[in-house]
>>> print(open('entry07.txt').read())   # compact mmCIF, N, CA and C atoms
# COMPACT_ATOMS: atom_id res chain seq x y z
N MET A 1 199.33 161.24 57.55
CA MET A 1 200.64 161.26 58.20
C MET A 1 201.62 160.47 57.34
N GLY A 2 202.77 161.05 57.07
CA GLY A 2 203.77 160.43 56.21
C GLY A 2 204.70 159.51 56.96
N ALA A 3 205.69 159.05 56.25
CA ALA A 3 206.71 158.17 56.84
C ALA A 3 207.55 158.97 57.83
N PRO A 4 208.11 158.29 58.83
CA PRO A 4 208.98 158.99 59.78
C PRO A 4 210.23 159.52 59.08
N ARG A 5 210.79 160.58 59.63
CA ARG A 5 211.99 161.17 59.06
C ARG A 5 213.15 160.17 59.06
N VAL A 6 214.02 160.35 58.08
CA VAL A 6 215.21 159.51 57.97
C VAL A 6 216.29 160.10 58.87
N THR A 7 216.85 159.29 59.75
CA THR A 7 217.88 159.77 60.66
C THR A 7 219.26 159.62 60.02
N PRO A 8 220.24 160.38 60.52
CA PRO A 8 221.61 160.21 60.00
C PRO A 8 222.11 158.77 60.14
N GLN A 9 221.74 158.09 61.21
CA GLN A 9 222.16 156.69 61.39
C GLN A 9 221.57 155.80 60.30
N GLU A 10 220.32 156.06 59.93
CA GLU A 10 219.70 155.29 58.86
C GLU A 10 220.40 155.55 57.53
N ILE A 11 220.81 156.79 57.30
CA ILE A 11 221.50 157.12 56.06
C ILE A 11 222.82 156.37 55.97
N VAL A 12 223.53 156.30 57.09
CA VAL A 12 224.78 155.53 57.13
C VAL A 12 224.50 154.07 56.82
N GLN A 13 223.43 153.54 57.41
CA GLN A 13 223.05 152.15 57.15
C GLN A 13 222.70 151.97 55.67
N MET A 14 222.03 152.93 55.07
CA MET A 14 221.71 152.87 53.63
C MET A 14 222.97 152.79 52.80
N HIS A 15 223.97 153.62 53.14
CA HIS A 15 225.24 153.60 52.42
C HIS A 15 225.91 152.23 52.54
N GLN A 16 225.92 151.68 53.74
CA GLN A 16 226.56 150.39 53.97
C GLN A 16 225.84 149.27 53.22
N LEU A 17 224.52 149.26 53.29
CA LEU A 17 223.75 148.23 52.59
C LEU A 17 223.87 148.37 51.08
N TYR A 18 223.92 149.61 50.60
CA TYR A 18 224.05 149.81 49.16
C TYR A 18 225.38 149.25 48.65
N LYS A 19 226.43 149.41 49.45
CA LYS A 19 227.73 148.84 49.07
C LYS A 19 227.63 147.31 48.97
N GLN A 20 226.85 146.70 49.87
CA GLN A 20 226.71 145.24 49.88
C GLN A 20 225.77 144.74 48.79
N LEU A 21 224.61 145.38 48.67
CA LEU A 21 223.54 144.87 47.82
C LEU A 21 223.56 145.43 46.40
N GLY A 22 224.07 146.65 46.24
CA GLY A 22 224.24 147.20 44.91
C GLY A 22 223.02 147.79 44.24
N ASN A 23 221.85 147.78 44.88
CA ASN A 23 220.73 148.48 44.26
C ASN A 23 219.79 149.05 45.30
N TYR A 24 219.14 150.15 44.90
CA TYR A 24 218.32 150.91 45.83
C TYR A 24 217.08 150.15 46.29
N ALA A 25 216.47 149.38 45.39
CA ALA A 25 215.25 148.65 45.74
C ALA A 25 215.52 147.61 46.83
N ALA A 26 216.63 146.91 46.74
CA ALA A 26 216.97 145.89 47.73
C ALA A 26 217.21 146.54 49.10
N VAL A 27 217.89 147.66 49.11
CA VAL A 27 218.14 148.39 50.36
C VAL A 27 216.81 148.87 50.93
N GLY A 28 215.96 149.42 50.08
CA GLY A 28 214.66 149.90 50.51
C GLY A 28 213.82 148.80 51.13
N ARG A 29 213.81 147.63 50.52
CA ARG A 29 213.04 146.50 51.08
C ARG A 29 213.57 146.11 52.45
N LYS A 30 214.88 146.07 52.60
CA LYS A 30 215.48 145.70 53.89
C LYS A 30 215.17 146.72 54.98
N MET A 31 215.11 148.00 54.60
CA MET A 31 214.95 149.07 55.59
C MET A 31 213.52 149.57 55.74
N GLY A 32 212.62 149.09 54.88
CA GLY A 32 211.24 149.56 54.95
C GLY A 32 211.07 150.97 54.40
N ARG A 33 211.90 151.33 53.44
CA ARG A 33 211.85 152.64 52.79
C ARG A 33 211.71 152.42 51.29
N SER A 34 211.31 153.46 50.58
CA SER A 34 211.19 153.35 49.12
C SER A 34 212.57 153.42 48.47
N ALA A 35 212.65 152.87 47.27
CA ALA A 35 213.90 152.91 46.51
C ALA A 35 214.28 154.36 46.22
N SER A 36 213.29 155.23 45.99
CA SER A 36 213.60 156.63 45.69
C SER A 36 214.17 157.34 46.92
N THR A 37 213.70 156.98 48.10
CA THR A 37 214.26 157.57 49.33
C THR A 37 215.70 157.12 49.51
N VAL A 38 215.94 155.84 49.31
CA VAL A 38 217.31 155.31 49.43
C VAL A 38 218.21 156.00 48.41
N SER A 39 217.75 156.13 47.18
CA SER A 39 218.52 156.78 46.13
C SER A 39 218.89 158.21 46.52
N LYS A 40 217.92 158.95 47.04
CA LYS A 40 218.15 160.34 47.44
C LYS A 40 219.26 160.43 48.47
N TYR A 41 219.22 159.56 49.47
CA TYR A 41 220.19 159.66 50.56
C TYR A 41 221.53 159.02 50.24
N VAL A 42 221.57 158.03 49.38
CA VAL A 42 222.87 157.47 48.96
C VAL A 42 223.58 158.48 48.07
N GLN A 43 222.83 159.14 47.19
CA GLN A 43 223.43 160.14 46.30
C GLN A 43 223.56 161.50 46.98
N MET A 44 222.87 161.68 48.11
CA MET A 44 222.86 162.92 48.89
C MET A 44 222.36 164.10 48.06
N LYS A 45 221.35 163.84 47.22
CA LYS A 45 220.75 164.90 46.40
C LYS A 45 219.63 165.58 47.17
N GLY A 46 219.72 166.87 47.31
CA GLY A 46 218.67 167.62 47.98
C GLY A 46 218.65 167.44 49.49
N VAL A 47 219.73 166.92 50.04
CA VAL A 47 219.81 166.68 51.49
C VAL A 47 220.37 167.95 52.14
N PRO A 48 219.74 168.43 53.21
CA PRO A 48 220.22 169.65 53.87
C PRO A 48 221.68 169.52 54.33
N GLN A 49 222.37 170.64 54.36
CA GLN A 49 223.79 170.66 54.71
C GLN A 49 224.06 170.08 56.10
N ASN A 50 223.20 170.39 57.07
CA ASN A 50 223.44 169.87 58.42
C ASN A 50 223.34 168.35 58.46
N VAL A 51 222.46 167.77 57.66
CA VAL A 51 222.35 166.31 57.60
C VAL A 51 223.58 165.73 56.91
N ARG A 52 224.02 166.39 55.84
CA ARG A 52 225.23 165.93 55.14
C ARG A 52 226.43 165.87 56.09
N LEU A 53 226.59 166.93 56.89
CA LEU A 53 227.72 166.98 57.82
C LEU A 53 227.63 165.87 58.86
N ALA A 54 226.43 165.64 59.39
CA ALA A 54 226.24 164.58 60.39
C ALA A 54 226.56 163.22 59.79
N VAL A 55 226.10 162.97 58.57
CA VAL A 55 226.34 161.68 57.92
C VAL A 55 227.82 161.52 57.60
N ASP A 56 228.45 162.56 57.09
CA ASP A 56 229.89 162.50 56.81
C ASP A 56 230.68 162.14 58.06
N ASN A 57 230.29 162.76 59.17
CA ASN A 57 230.93 162.49 60.45
C ASN A 57 230.75 161.02 60.86
N LEU A 58 229.54 160.52 60.73
CA LEU A 58 229.26 159.14 61.10
C LEU A 58 229.98 158.16 60.16
N LEU A 59 230.03 158.47 58.87
CA LEU A 59 230.72 157.58 57.92
C LEU A 59 232.22 157.52 58.20
N GLN A 60 232.80 158.63 58.61
CA GLN A 60 234.23 158.64 58.92
C GLN A 60 234.54 157.82 60.16
N ASN A 61 233.59 157.79 61.09
CA ASN A 61 233.80 157.06 62.35
C ASN A 61 233.31 155.62 62.29
N ALA A 62 232.73 155.23 61.17
CA ALA A 62 232.19 153.87 61.05
C ALA A 62 233.26 152.87 60.67
>>> encode(input="entry07.txt", output="structure tokens")
Amino acid sequence: MGAPRVTPQEIVQMHQLYKQLGNYAAVGRKMGRSASTVSKYVQMKGVPQNVRLAVDNLLQNA
């Protein structure tokens, strides 16, 4: 069984922490995720369109 799915709220938190901490590994340690997972979601590479839209919406309202 793998890690639980990343929620749009977690992605928003990743973006916010990345702005504060400046590196993926530090964000990953704080959130209990790998640096590569944080990198994927901060850069939004390979993220499904529906997740992108949800995160964009949350970031605009944050």
>>> select_by_dssp(input="entry07.txt", residues="chain A", states="alpha helix (DSSP H)", output="VMD selection string")
chain A and resid 8 to 21 24 to 31 35 to 43 49 to 61
>>> closest_residue(input="entry07.txt", among="A:Ala35, A:Leu53, A:Leu58, A:Ala26", to="Glu10 in chain A", atoms="only C-alpha atoms")
A:Leu58
>>> closest_residue(input="entry07.txt", among="A:Ala54, A:Val12, A:Leu59, A:Leu21", to="Tyr41 in chain A", atoms="only N, CA and C atoms")
A:Val12
>>> atom_distance(input="entry07.txt", atom1="CA of Val42 in chain A", atom2="CA of Thr7 in chain A")
12.9 Å
>>> residues_around(input="entry07.txt", residues="Arg5 in chain A", least_positions_apart="3", cutoff="12 Å", atoms="only C-alpha atoms", output="short mmCIF file (atom, residue, chain, number, x, y, z; two decimals) with N, CA and C atoms, in the frame of the given file")
data_model
loop_
_atom_site.label_atom_id
_atom_site.label_comp_id
_atom_site.auth_asym_id
_atom_site.auth_seq_id
_atom_site.Cartn_x
_atom_site.Cartn_y
_atom_site.Cartn_z
N MET A 1 199.33 161.24 57.55
CA MET A 1 200.64 161.26 58.20
C MET A 1 201.62 160.47 57.34
N GLY A 2 202.77 161.05 57.07
CA GLY A 2 203.77 160.43 56.21
C GLY A 2 204.70 159.51 56.96
N PRO A 8 220.24 160.38 60.52
CA PRO A 8 221.61 160.21 60.00
C PRO A 8 222.11 158.77 60.14
N GLN A 9 221.74 158.09 61.21
CA GLN A 9 222.16 156.69 61.39
C GLN A 9 221.57 155.80 60.30
N GLU A 10 220.32 156.06 59.93
CA GLU A 10 219.70 155.29 58.86
C GLU A 10 220.40 155.55 57.53
N ILE A 11 220.81 156.79 57.30
CA ILE A 11 221.50 157.12 56.06
C ILE A 11 222.82 156.37 55.97
N ARG A 33 211.90 151.33 53.44
CA ARG A 33 211.85 152.64 52.79
C ARG A 33 211.71 152.42 51.29
N THR A 37 213.70 156.98 48.10
CA THR A 37 214.26 157.57 49.33
C THR A 37 215.70 157.12 49.51
N TYR A 41 219.22 159.56 49.47
CA TYR A 41 220.19 159.66 50.56
C TYR A 41 221.53 159.02 50.24
N VAL A 51 222.46 167.77 57.66
CA VAL A 51 222.35 166.31 57.60
C VAL A 51 223.58 165.73 56.91
#
>>> axis_aligned_box(input="entry07.txt", around="range 36-46 of chain A", padding_each_side="3 Å", output="JSON")
{"center_x": 218.4, "center_y": 161.4, "center_z": 48.1, "size_x": 16.3, "size_y": 18.4, "size_z": 10.9}
>>> residues_near_point(input="entry07.txt", point="(217.3, 149.8, 50.0)", cutoff="10 Å", atoms="only C-alpha atoms", output="ChimeraX atom specification")
/A:13-15,17-18,21-39,42
